[in-house]
Amino acid sequence: DAGVIQSPRHEVTEMGQEVTLRCKPISGHDYLFWYRQTMMRGLELLIYFNNNVPIDDSGMPEDRFSAKMPNASFSTLKIQPSEPRDSAVYFCASSLDRTGYNEQFFGPGTRLTVL
Amino acid sequence: GQSLEQPSEVTAVEGAIVQINCTYQTSGFYGLSWYQQHDGGAPTFLSYNALDGLEETGRFSSFLSRSDSYGYLLLQELQMKDSASYFCADSGSARQLTFGSGTQLTVLP
């Protein structure tokens, strides 16, 4: 398996533009997570899905952020409009539901810079 | 709310043993995980403790004491490639992780 795939790997955009980050989880995994990492705030959970259904989006910073998972093999995180404070590395991760065990597999991340 | 405390930095020499501690205050605790992250890379899973006691995986071991809300990661026979950030994370009821702020481990020759 190729692991979790994210695109793009790097994104540079200007304030006010729409940004869409993409993720393909590992086949067969039933959980998908979106995290954001910054020096100031560390690794933060933004939202997660179970069987394509959003379960908890309390970590989403504000209404400018939205996430979808239209099917088991694809998810998007959208920021509209983007702001400089959104600059961060965004990770997608997936996992399999196994009793007594919890291992998340992270994608390589998307490094977002908003100018 | 949930919070995890771990040291910000640890330095050790090659071949040594180092222990990274993690204390947590959470509601609905299910287990403690450890992840490694090299500069510019993604977090990678090291271990998960759902029950009290020691879990060993090669040079790495992880320990959990639920009664003390405490765990640690033990790295033995340190190698230069172990220089990285190490995160403890607690699992919620549905697999979601809340991460500590990370410990930067520097291994010196």
# chains A, B, ... in the order shown; residues from 1 in each chain; ligands from 1
>>> residues_around(residues="region 85-102 of chain A", least_positions_apart="6", cutoff="7 Å", atoms="only C-alpha atoms", output="PDB file with all heavy atoms, in the first residue's frame")
ATOM      1  N   VAL A   4      -0.847   6.912   3.236  1.00  0.00           N
ATOM      2  CA  VAL A   4      -1.745   8.043   3.074  1.00  0.00           C
ATOM      3  C   VAL A   4      -1.122   9.023   2.084  1.00  0.00           C
ATOM      4  O   VAL A   4       0.061   9.361   2.201  1.00  0.00           O
ATOM      5  CB  VAL A   4      -1.995   8.741   4.434  1.00  0.00           C
ATOM      6  CG1 VAL A   4      -2.859   9.973   4.252  1.00  0.00           C
ATOM      7  CG2 VAL A   4      -2.636   7.767   5.419  1.00  0.00           C
ATOM      8  N   CYS A  23      -6.690  14.467   0.341  1.00  0.00           N
ATOM      9  CA  CYS A  23      -6.153  13.326   1.067  1.00  0.00           C
ATOM     10  C   CYS A  23      -6.795  12.042   0.580  1.00  0.00           C
ATOM     11  O   CYS A  23      -8.020  11.954   0.426  1.00  0.00           O
ATOM     12  CB  CYS A  23      -6.405  13.492   2.564  1.00  0.00           C
ATOM     13  SG  CYS A  23      -5.917  12.059   3.557  1.00  0.00           S
ATOM     14  N   PRO A  25      -6.861   8.260   2.021  1.00  0.00           N
ATOM     15  CA  PRO A  25      -6.448   7.406   3.146  1.00  0.00           C
ATOM     16  C   PRO A  25      -6.012   6.024   2.668  1.00  0.00           C
ATOM     17  O   PRO A  25      -6.191   5.666   1.495  1.00  0.00           O
ATOM     18  CB  PRO A  25      -7.716   7.318   3.997  1.00  0.00           C
ATOM     19  CG  PRO A  25      -8.830   7.448   2.998  1.00  0.00           C
ATOM     20  CD  PRO A  25      -8.321   8.393   1.941  1.00  0.00           C
ATOM     21  N   ILE A  26      -5.469   5.262   3.584  1.00  0.00           N
ATOM     22  CA  ILE A  26      -5.112   3.881   3.289  1.00  0.00           C
ATOM     23  C   ILE A  26      -6.389   3.075   3.070  1.00  0.00           C
ATOM     24  O   ILE A  26      -7.353   3.217   3.845  1.00  0.00           O
ATOM     25  CB  ILE A  26      -4.269   3.280   4.424  1.00  0.00           C
ATOM     26  CG1 ILE A  26      -2.905   3.987   4.478  1.00  0.00           C
ATOM     27  CG2 ILE A  26      -4.086   1.781   4.251  1.00  0.00           C
ATOM     28  CD1 ILE A  26      -2.041   3.603   5.660  1.00  0.00           C
ATOM     29  N   HIS A  29      -9.174   1.606   5.725  1.00  0.00           N
ATOM     30  CA  HIS A  29      -9.236   2.328   6.997  1.00  0.00           C
ATOM     31  C   HIS A  29     -10.583   3.032   7.124  1.00  0.00           C
ATOM     32  O   HIS A  29     -11.094   3.588   6.159  1.00  0.00           O
ATOM     33  CB  HIS A  29      -8.087   3.336   7.096  1.00  0.00           C
ATOM     34  CG  HIS A  29      -6.787   2.716   7.446  1.00  0.00           C
ATOM     35  ND1 HIS A  29      -5.678   3.443   7.829  1.00  0.00           N
ATOM     36  CD2 HIS A  29      -6.413   1.414   7.507  1.00  0.00           C
ATOM     37  CE1 HIS A  29      -4.685   2.617   8.115  1.00  0.00           C
ATOM     38  NE2 HIS A  29      -5.101   1.378   7.915  1.00  0.00           N
ATOM     39  N   ASP A  30     -11.120   3.014   8.348  1.00  0.00           N
ATOM     40  CA  ASP A  30     -12.440   3.600   8.513  1.00  0.00           C
ATOM     41  C   ASP A  30     -12.450   4.923   9.270  1.00  0.00           C
ATOM     42  O   ASP A  30     -13.509   5.517   9.465  1.00  0.00           O
ATOM     43  CB  ASP A  30     -13.414   2.606   9.162  1.00  0.00           C
ATOM     44  CG  ASP A  30     -12.765   1.789  10.267  1.00  0.00           C
ATOM     45  OD1 ASP A  30     -11.727   2.233  10.810  1.00  0.00           O
ATOM     46  OD2 ASP A  30     -13.285   0.708  10.575  1.00  0.00           O
ATOM     47  N   TYR A  31     -11.268   5.353   9.709  1.00  0.00           N
ATOM     48  CA  TYR A  31     -11.168   6.673  10.336  1.00  0.00           C
ATOM     49  C   TYR A  31     -10.232   7.559   9.509  1.00  0.00           C
ATOM     50  O   TYR A  31      -9.182   7.096   9.043  1.00  0.00           O
ATOM     51  CB  TYR A  31     -10.602   6.581  11.761  1.00  0.00           C
ATOM     52  CG  TYR A  31     -11.599   6.144  12.797  1.00  0.00           C
ATOM     53  CD1 TYR A  31     -11.775   4.797  13.105  1.00  0.00           C
ATOM     54  CD2 TYR A  31     -12.371   7.081  13.485  1.00  0.00           C
ATOM     55  CE1 TYR A  31     -12.687   4.398  14.060  1.00  0.00           C
ATOM     56  CE2 TYR A  31     -13.284   6.690  14.448  1.00  0.00           C
ATOM     57  CZ  TYR A  31     -13.443   5.338  14.732  1.00  0.00           C
ATOM     58  OH  TYR A  31     -14.352   4.948  15.683  1.00  0.00           O
ATOM     59  N   LEU A  32     -10.613   8.843   9.387  1.00  0.00           N
ATOM     60  CA  LEU A  32      -9.743   9.813   8.726  1.00  0.00           C
ATOM     61  C   LEU A  32      -9.707  11.072   9.574  1.00  0.00           C
ATOM     62  O   LEU A  32     -10.752  11.532  10.057  1.00  0.00           O
ATOM     63  CB  LEU A  32     -10.254  10.146   7.309  1.00  0.00           C
ATOM     64  CG  LEU A  32      -9.349  11.092   6.520  1.00  0.00           C
ATOM     65  CD1 LEU A  32      -9.224  10.638   5.073  1.00  0.00           C
ATOM     66  CD2 LEU A  32      -9.806  12.532   6.604  1.00  0.00           C
ATOM     67  N   PHE A  33      -8.500  11.581   9.755  1.00  0.00           N
ATOM     68  CA  PHE A  33      -8.275  12.732  10.627  1.00  0.00           C
ATOM     69  C   PHE A  33      -7.553  13.829   9.842  1.00  0.00           C
ATOM     70  O   PHE A  33      -6.669  13.541   9.037  1.00  0.00           O
ATOM     71  CB  PHE A  33      -7.395  12.338  11.823  1.00  0.00           C
ATOM     72  CG  PHE A  33      -7.904  11.148  12.600  1.00  0.00           C
ATOM     73  CD1 PHE A  33      -7.606   9.859  12.192  1.00  0.00           C
ATOM     74  CD2 PHE A  33      -8.676  11.333  13.736  1.00  0.00           C
ATOM     75  CE1 PHE A  33      -8.063   8.752  12.913  1.00  0.00           C
ATOM     76  CE2 PHE A  33      -9.142  10.235  14.461  1.00  0.00           C
ATOM     77  CZ  PHE A  33      -8.839   8.948  14.043  1.00  0.00           C
ATOM     78  N   TRP A  34      -7.886  15.060  10.144  1.00  0.00           N
ATOM     79  CA  TRP A  34      -7.134  16.219   9.645  1.00  0.00           C
ATOM     80  C   TRP A  34      -6.518  16.933  10.843  1.00  0.00           C
ATOM     81  O   TRP A  34      -7.213  17.272  11.809  1.00  0.00           O
ATOM     82  CB  TRP A  34      -8.035  17.188   8.887  1.00  0.00           C
ATOM     83  CG  TRP A  34      -8.381  16.782   7.497  1.00  0.00           C
ATOM     84  CD1 TRP A  34      -9.539  16.203   7.073  1.00  0.00           C
ATOM     85  CD2 TRP A  34      -7.567  16.953   6.333  1.00  0.00           C
ATOM     86  NE1 TRP A  34      -9.492  15.990   5.709  1.00  0.00           N
ATOM     87  CE2 TRP A  34      -8.298  16.453   5.241  1.00  0.00           C
ATOM     88  CE3 TRP A  34      -6.294  17.479   6.095  1.00  0.00           C
ATOM     89  CZ2 TRP A  34      -7.795  16.460   3.935  1.00  0.00           C
ATOM     90  CZ3 TRP A  34      -5.796  17.486   4.809  1.00  0.00           C
ATOM     91  CH2 TRP A  34      -6.552  16.967   3.738  1.00  0.00           C
ATOM     92  N   TYR A  35      -5.184  17.144  10.767  1.00  0.00           N
ATOM     93  CA  TYR A  35      -4.451  17.857  11.805  1.00  0.00           C
ATOM     94  C   TYR A  35      -3.759  19.067  11.194  1.00  0.00           C
ATOM     95  O   TYR A  35      -3.464  19.112  10.004  1.00  0.00           O
ATOM     96  CB  TYR A  35      -3.358  16.965  12.425  1.00  0.00           C
ATOM     97  CG  TYR A  35      -3.851  15.787  13.215  1.00  0.00           C
ATOM     98  CD1 TYR A  35      -4.043  14.549  12.606  1.00  0.00           C
ATOM     99  CD2 TYR A  35      -4.102  15.893  14.577  1.00  0.00           C
ATOM    100  CE1 TYR A  35      -4.479  13.446  13.336  1.00  0.00           C
ATOM    101  CE2 TYR A  35      -4.536  14.801  15.311  1.00  0.00           C
ATOM    102  CZ  TYR A  35      -4.723  13.577  14.683  1.00  0.00           C
ATOM    103  OH  TYR A  35      -5.153  12.496  15.406  1.00  0.00           O
ATOM    104  N   ARG A  36      -3.461  20.029  12.056  1.00  0.00           N
ATOM    105  CA  ARG A  36      -2.661  21.195  11.659  1.00  0.00           C
ATOM    106  C   ARG A  36      -1.495  21.302  12.645  1.00  0.00           C
ATOM    107  O   ARG A  36      -1.683  21.113  13.854  1.00  0.00           O
ATOM    108  CB  ARG A  36      -3.530  22.454  11.715  1.00  0.00           C
ATOM    109  CG  ARG A  36      -2.788  23.725  11.389  1.00  0.00           C
ATOM    110  CD  ARG A  36      -3.738  24.901  11.300  1.00  0.00           C
ATOM    111  NE  ARG A  36      -4.320  25.290  12.558  1.00  0.00           N
ATOM    112  CZ  ARG A  36      -5.092  26.363  12.714  1.00  0.00           C
ATOM    113  NH1 ARG A  36      -5.370  27.122  11.668  1.00  0.00           N
ATOM    114  NH2 ARG A  36      -5.598  26.655  13.893  1.00  0.00           N
ATOM    115  N   GLN A  37      -0.328  21.611  12.122  1.00  0.00           N
ATOM    116  CA  GLN A  37       0.848  21.752  12.985  1.00  0.00           C
ATOM    117  C   GLN A  37       1.510  23.101  12.770  1.00  0.00           C
ATOM    118  O   GLN A  37       1.857  23.469  11.648  1.00  0.00           O
ATOM    119  CB  GLN A  37       1.862  20.637  12.727  1.00  0.00           C
ATOM    120  CG  GLN A  37       3.029  20.645  13.707  1.00  0.00           C
ATOM    121  CD  GLN A  37       3.943  19.447  13.567  1.00  0.00           C
ATOM    122  OE1 GLN A  37       4.155  18.928  12.470  1.00  0.00           O
ATOM    123  NE2 GLN A  37       4.478  18.956  14.684  1.00  0.00           N
ATOM    124  N   THR A  38       1.688  23.834  13.845  1.00  0.00           N
ATOM    125  CA  THR A  38       2.424  25.096  13.846  1.00  0.00           C
ATOM    126  C   THR A  38       3.368  25.098  15.034  1.00  0.00           C
ATOM    127  O   THR A  38       3.188  24.326  15.991  1.00  0.00           O
ATOM    128  CB  THR A  38       1.479  26.305  13.949  1.00  0.00           C
ATOM    129  OG1 THR A  38       0.763  26.225  15.207  1.00  0.00           O
ATOM    130  CG2 THR A  38       0.476  26.349  12.821  1.00  0.00           C
ATOM    131  N   PRO A 108       2.291  12.668   4.247  1.00  0.00           N
ATOM    132  CA  PRO A 108       3.493  13.513   4.308  1.00  0.00           C
ATOM    133  C   PRO A 108       3.218  14.968   4.648  1.00  0.00           C
ATOM    134  O   PRO A 108       4.141  15.712   4.974  1.00  0.00           O
ATOM    135  CB  PRO A 108       4.067  13.385   2.897  1.00  0.00           C
ATOM    136  CG  PRO A 108       2.880  13.089   2.043  1.00  0.00           C
ATOM    137  CD  PRO A 108       1.970  12.251   2.883  1.00  0.00           C
ATOM    138  N   GLY A 109       1.949  15.373   4.574  1.00  0.00           N
ATOM    139  CA  GLY A 109       1.603  16.744   4.924  1.00  0.00           C
ATOM    140  C   GLY A 109       1.588  17.681   3.728  1.00  0.00           C
ATOM    141  O   GLY A 109       2.220  17.428   2.705  1.00  0.00           O
ATOM    142  N   THR A 110       0.831  18.752   3.896  1.00  0.00           N
ATOM    143  CA  THR A 110       0.831  19.851   2.940  1.00  0.00           C
ATOM    144  C   THR A 110       1.324  21.096   3.676  1.00  0.00           C
ATOM    145  O   THR A 110       0.715  21.495   4.668  1.00  0.00           O
ATOM    146  CB  THR A 110      -0.577  20.124   2.370  1.00  0.00           C
ATOM    147  OG1 THR A 110      -1.015  18.998   1.615  1.00  0.00           O
ATOM    148  CG2 THR A 110      -0.572  21.372   1.488  1.00  0.00           C
ATOM    149  N   ARG A 111       2.409  21.654   3.170  1.00  0.00           N
ATOM    150  CA  ARG A 111       2.934  22.885   3.782  1.00  0.00           C
ATOM    151  C   ARG A 111       2.274  24.062   3.095  1.00  0.00           C
ATOM    152  O   ARG A 111       2.516  24.313   1.913  1.00  0.00           O
ATOM    153  CB  ARG A 111       4.449  22.953   3.657  1.00  0.00           C
ATOM    154  CG  ARG A 111       5.061  24.179   4.334  1.00  0.00           C
ATOM    155  CD  ARG A 111       6.580  24.120   4.328  1.00  0.00           C
ATOM    156  NE  ARG A 111       7.074  23.009   5.126  1.00  0.00           N
ATOM    157  CZ  ARG A 111       7.266  23.048   6.442  1.00  0.00           C
ATOM    158  NH1 ARG A 111       6.995  24.146   7.107  1.00  0.00           N
ATOM    159  NH2 ARG A 111       7.732  21.999   7.076  1.00  0.00           N
ATOM    160  N   LEU A 112       1.428  24.771   3.835  1.00  0.00           N
ATOM    161  CA  LEU A 112       0.673  25.903   3.291  1.00  0.00           C
ATOM    162  C   LEU A 112       1.281  27.218   3.750  1.00  0.00           C
ATOM    163  O   LEU A 112       1.506  27.410   4.947  1.00  0.00           O
ATOM    164  CB  LEU A 112      -0.791  25.830   3.747  1.00  0.00           C
ATOM    165  CG  LEU A 112      -1.665  27.029   3.381  1.00  0.00           C
ATOM    166  CD1 LEU A 112      -1.825  27.136   1.867  1.00  0.00           C
ATOM    167  CD2 LEU A 112      -3.027  26.935   4.061  1.00  0.00           C
ATOM    168  N   THR A 113       1.536  28.085   2.789  1.00  0.00           N
ATOM    169  CA  THR A 113       1.997  29.436   3.088  1.00  0.00           C
ATOM    170  C   THR A 113       1.015  30.410   2.467  1.00  0.00           C
ATOM    171  O   THR A 113       0.755  30.365   1.267  1.00  0.00           O
ATOM    172  CB  THR A 113       3.400  29.692   2.511  1.00  0.00           C
ATOM    173  OG1 THR A 113       4.308  28.715   3.038  1.00  0.00           O
ATOM    174  CG2 THR A 113       3.879  31.090   2.871  1.00  0.00           C
ATOM    175  N   VAL A 114       0.447  31.251   3.321  1.00  0.00           N
ATOM    176  CA  VAL A 114      -0.484  32.279   2.860  1.00  0.00           C
ATOM    177  C   VAL A 114       0.195  33.632   3.007  1.00  0.00           C
ATOM    178  O   VAL A 114       0.554  34.036   4.123  1.00  0.00           O
ATOM    179  CB  VAL A 114      -1.805  32.247   3.649  1.00  0.00           C
ATOM    180  CG1 VAL A 114      -2.781  33.275   3.082  1.00  0.00           C
ATOM    181  CG2 VAL A 114      -2.428  30.859   3.616  1.00  0.00           C
TER     182      VAL A 114
ATOM    183  N   TYR B  48       1.555   2.126  21.616  1.00  0.00           N
ATOM    184  CA  TYR B  48       0.267   2.456  22.220  1.00  0.00           C
ATOM    185  C   TYR B  48       0.082   1.609  23.458  1.00  0.00           C
ATOM    186  O   TYR B  48       0.221   0.383  23.403  1.00  0.00           O
ATOM    187  CB  TYR B  48      -0.867   2.188  21.226  1.00  0.00           C
ATOM    188  CG  TYR B  48      -2.255   2.393  21.782  1.00  0.00           C
ATOM    189  CD1 TYR B  48      -2.705   3.667  22.092  1.00  0.00           C
ATOM    190  CD2 TYR B  48      -3.123   1.318  21.984  1.00  0.00           C
ATOM    191  CE1 TYR B  48      -3.983   3.871  22.593  1.00  0.00           C
ATOM    192  CE2 TYR B  48      -4.395   1.511  22.478  1.00  0.00           C
ATOM    193  CZ  TYR B  48      -4.839   2.790  22.779  1.00  0.00           C
ATOM    194  OH  TYR B  48      -6.092   2.998  23.278  1.00  0.00           O
ATOM    195  N   ALA B  50      -2.731   0.733  26.188  1.00  0.00           N
ATOM    196  CA  ALA B  50      -4.100   0.824  26.675  1.00  0.00           C
ATOM    197  C   ALA B  50      -4.183   0.373  28.135  1.00  0.00           C
ATOM    198  O   ALA B  50      -5.048   0.818  28.882  1.00  0.00           O
ATOM    199  CB  ALA B  50      -5.027  -0.025  25.816  1.00  0.00           C
ATOM    200  N   ARG B  95     -10.901   7.194  18.917  1.00  0.00           N
ATOM    201  CA  ARG B  95      -9.604   7.107  18.234  1.00  0.00           C
ATOM    202  C   ARG B  95      -8.925   8.451  18.003  1.00  0.00           C
ATOM    203  O   ARG B  95      -7.785   8.474  17.562  1.00  0.00           O
ATOM    204  CB  ARG B  95      -9.726   6.371  16.888  1.00  0.00           C
ATOM    205  CG  ARG B  95     -10.487   5.073  16.959  1.00  0.00           C
ATOM    206  CD  ARG B  95      -9.669   4.017  17.652  1.00  0.00           C
ATOM    207  NE  ARG B  95     -10.421   2.827  17.954  1.00  0.00           N
ATOM    208  CZ  ARG B  95      -9.900   1.747  18.501  1.00  0.00           C
ATOM    209  NH1 ARG B  95      -8.621   1.733  18.806  1.00  0.00           N
ATOM    210  NH2 ARG B  95     -10.635   0.698  18.752  1.00  0.00           N
TER     211      ARG B  95
END
>>> residues_around(residues="region 22-31 of chain B", least_positions_apart="5", cutoff="10 Å", atoms="only C-alpha atoms", output="MDAnalysis selection string")
(chainID A and resid 100:102) or (chainID B and resid 1:7 48:52 63:66 68:73 87:95 97:98 100 102:103)
>>> write_last_selection(atoms="C-alpha atoms", output="compact mmCIF listing (two decimals), in the first residue's frame")
# COMPACT_ATOMS: atom_id res chain seq x y z
CA GLY A 100 -7.47 -2.12 22.32
CA TYR A 101 -5.19 -0.66 19.69
CA ASN A 102 -4.88 2.75 18.08
CA GLY B 1 -10.43 19.40 28.60
CA GLN B 2 -7.31 17.42 27.92
CA SER B 3 -3.69 18.34 28.50
CA LEU B 4 -0.43 16.45 28.33
CA GLU B 5 2.86 17.63 29.78
CA GLN B 6 6.27 16.50 28.54
CA PRO B 7 9.73 18.07 28.64
CA TYR B 48 0.27 2.46 22.22
CA ASN B 49 -0.48 1.54 25.83
CA ALA B 50 -4.10 0.82 26.68
CA LEU B 51 -3.26 -1.05 29.88
CA ASP B 52 -0.85 -0.40 32.74
CA PHE B 63 5.11 2.49 30.05
CA LEU B 64 1.72 3.53 31.40
CA SER B 65 0.36 3.99 34.91
CA ARG B 66 -3.29 4.97 34.83
CA ASP B 68 -0.67 8.11 38.31
CA SER B 69 -1.84 9.56 34.96
CA TYR B 70 1.72 9.05 33.82
CA GLY B 71 3.64 7.35 31.08
CA TYR B 72 7.09 7.35 29.57
CA LEU B 73 8.96 6.40 26.46
CA PHE B 87 5.03 13.26 21.12
CA CYS B 88 2.83 11.59 23.64
CA ALA B 89 -0.86 11.60 22.78
CA ASP B 90 -3.96 10.41 24.51
CA SER B 91 -6.76 8.63 22.74
CA GLY B 92 -10.32 9.71 23.03
CA SER B 93 -13.37 7.52 22.81
CA ALA B 94 -13.30 7.42 19.02
CA ARG B 95 -9.60 7.11 18.23
CA LEU B 97 -5.59 11.93 19.43
CA THR B 98 -4.71 14.91 21.57
CA GLY B 100 1.44 16.89 23.87
CA GLY B 102 6.56 17.37 21.97
CA THR B 103 10.06 16.66 23.25
>>> interface_residues(of="chain B", to="chain A", cutoff="7 Å", atoms="only C-alpha atoms", output="list in words")
Gly41, Ala42, Pro43, Thr44, Phe45, Tyr48, Ala50, Arg95, Phe99 and Ser101 of chain B
>>> write_last_selection(atoms="C-alpha atoms", output="PDB file, in the first residue's frame")
ATOM      1  CA  GLY B  41       8.603  14.717   8.206  1.00  0.00           C
ATOM      2  CA  ALA B  42       5.304  13.298   9.323  1.00  0.00           C
ATOM      3  CA  PRO B  43       4.588  11.806  12.730  1.00  0.00           C
ATOM      4  CA  THR B  44       5.116   8.057  12.791  1.00  0.00           C
ATOM      5  CA  PHE B  45       3.637   5.676  15.312  1.00  0.00           C
ATOM      6  CA  TYR B  48       0.267   2.456  22.220  1.00  0.00           C
ATOM      7  CA  ALA B  50      -4.100   0.824  26.675  1.00  0.00           C
ATOM      8  CA  ARG B  95      -9.604   7.107  18.234  1.00  0.00           C
ATOM      9  CA  PHE B  99      -0.990  15.527  21.332  1.00  0.00           C
ATOM     10  CA  SER B 101       3.712  19.720  22.836  1.00  0.00           C
TER      11      SER B 101
END
>>> select_by_dssp(residues="chain B", states="strand (DSSP E or B)", output="MDAnalysis selection string")
chainID B and resid 3:5 9:13 18:25 31:37 44:49 53:57 60:65 70:75 84:91 97:99 103:108
>>> atom_distance(atom1="CA of His38 (chain B)", atom2="CA of Ser66 (chain A)")
28.7 Å
>>> residues_around(residues="Thr20 (chain A)", least_positions_apart="2", cutoff="12 Å", atoms="only C-alpha atoms", output="list in words")
Gln6, Ser7, Pro8, Arg9, His10, Glu11, Val12, Thr13, Gln17, Glu18, Arg22, Cys23, Arg64, Phe65, Ser66, Ala67, Lys68, Ser75, Thr76, Leu77, Lys78, Ile79, Gln80, Pro81, Ser82, Tyr90, Thr110 and Leu112 of chain A
>>> atom_distance(atom1="CA of Glu14 (chain B)", atom2="CA of Ser33 (chain B)")
24.7 Å
>>> atom_distance(atom1="CA of Ala12 (chain B)", atom2="CA of Tyr86 (chain B)")
14.1 Å
>>> decode(residues="region 8-26 of chain A", atoms="N, CA and C atoms", output="PDB file, in the first residue's frame")
ATOM      1  N   PRO A   8      -1.721  19.213  -2.523  1.00  0.00           N
ATOM      2  CA  PRO A   8      -0.327  19.254  -2.944  1.00  0.00           C
ATOM      3  C   PRO A   8       0.610  19.105  -1.747  1.00  0.00           C
ATOM      4  N   ARG A   9       1.877  18.945  -1.985  1.00  0.00           N
ATOM      5  CA  ARG A   9       2.847  18.875  -0.889  1.00  0.00           C
ATOM      6  C   ARG A   9       3.190  20.261  -0.382  1.00  0.00           C
ATOM      7  N   HIS A  10       3.171  21.221  -1.282  1.00  0.00           N
ATOM      8  CA  HIS A  10       3.436  22.615  -0.919  1.00  0.00           C
ATOM      9  C   HIS A  10       2.417  23.487  -1.640  1.00  0.00           C
ATOM     10  N   GLU A  11       1.954  24.498  -0.930  1.00  0.00           N
ATOM     11  CA  GLU A  11       1.011  25.433  -1.525  1.00  0.00           C
ATOM     12  C   GLU A  11       1.353  26.825  -1.030  1.00  0.00           C
ATOM     13  N   VAL A  12       1.551  27.733  -1.975  1.00  0.00           N
ATOM     14  CA  VAL A  12       1.768  29.134  -1.632  1.00  0.00           C
ATOM     15  C   VAL A  12       0.643  29.913  -2.284  1.00  0.00           C
ATOM     16  N   THR A  13      -0.048  30.697  -1.502  1.00  0.00           N
ATOM     17  CA  THR A  13      -1.181  31.430  -2.032  1.00  0.00           C
ATOM     18  C   THR A  13      -1.240  32.808  -1.391  1.00  0.00           C
ATOM     19  N   GLU A  14      -2.086  33.635  -1.917  1.00  0.00           N
ATOM     20  CA  GLU A  14      -2.234  34.984  -1.373  1.00  0.00           C
ATOM     21  C   GLU A  14      -3.487  35.063  -0.507  1.00  0.00           C
ATOM     22  N   MET A  15      -3.402  35.908   0.456  1.00  0.00           N
ATOM     23  CA  MET A  15      -4.538  36.129   1.354  1.00  0.00           C
ATOM     24  C   MET A  15      -5.813  36.354   0.553  1.00  0.00           C
ATOM     25  N   GLY A  16      -6.880  35.705   0.999  1.00  0.00           N
ATOM     26  CA  GLY A  16      -8.172  35.855   0.332  1.00  0.00           C
ATOM     27  C   GLY A  16      -8.488  34.785  -0.677  1.00  0.00           C
ATOM     28  N   GLN A  17      -7.454  34.030  -1.078  1.00  0.00           N
ATOM     29  CA  GLN A  17      -7.679  32.973  -2.060  1.00  0.00           C
ATOM     30  C   GLN A  17      -8.229  31.716  -1.386  1.00  0.00           C
ATOM     31  N   GLU A  18      -8.886  30.909  -2.182  1.00  0.00           N
ATOM     32  CA  GLU A  18      -9.391  29.618  -1.702  1.00  0.00           C
ATOM     33  C   GLU A  18      -8.290  28.569  -1.836  1.00  0.00           C
ATOM     34  N   VAL A  19      -8.183  27.746  -0.818  1.00  0.00           N
ATOM     35  CA  VAL A  19      -7.187  26.671  -0.810  1.00  0.00           C
ATOM     36  C   VAL A  19      -7.901  25.340  -0.569  1.00  0.00           C
ATOM     37  N   THR A  20      -7.565  24.351  -1.365  1.00  0.00           N
ATOM     38  CA  THR A  20      -8.137  23.008  -1.177  1.00  0.00           C
ATOM     39  C   THR A  20      -7.014  21.996  -1.018  1.00  0.00           C
ATOM     40  N   LEU A  21      -7.032  21.301   0.105  1.00  0.00           N
ATOM     41  CA  LEU A  21      -6.059  20.252   0.390  1.00  0.00           C
ATOM     42  C   LEU A  21      -6.755  18.905   0.228  1.00  0.00           C
ATOM     43  N   ARG A  22      -6.023  17.948  -0.301  1.00  0.00           N
ATOM     44  CA  ARG A  22      -6.618  16.651  -0.636  1.00  0.00           C
ATOM     45  C   ARG A  22      -5.917  15.516   0.077  1.00  0.00           C
ATOM     46  N   CYS A  23      -6.690  14.467   0.341  1.00  0.00           N
ATOM     47  CA  CYS A  23      -6.153  13.326   1.067  1.00  0.00           C
ATOM     48  C   CYS A  23      -6.795  12.042   0.580  1.00  0.00           C
ATOM     49  N   LYS A  24      -5.946  11.040   0.373  1.00  0.00           N
ATOM     50  CA  LYS A  24      -6.422   9.687   0.088  1.00  0.00           C
ATOM     51  C   LYS A  24      -5.946   8.782   1.223  1.00  0.00           C
ATOM     52  N   PRO A  25      -6.861   8.260   2.021  1.00  0.00           N
ATOM     53  CA  PRO A  25      -6.448   7.406   3.146  1.00  0.00           C
ATOM     54  C   PRO A  25      -6.012   6.024   2.668  1.00  0.00           C
ATOM     55  N   ILE A  26      -5.469   5.262   3.584  1.00  0.00           N
ATOM     56  CA  ILE A  26      -5.112   3.881   3.289  1.00  0.00           C
ATOM     57  C   ILE A  26      -6.389   3.075   3.070  1.00  0.00           C
TER      58      ILE A  26
END
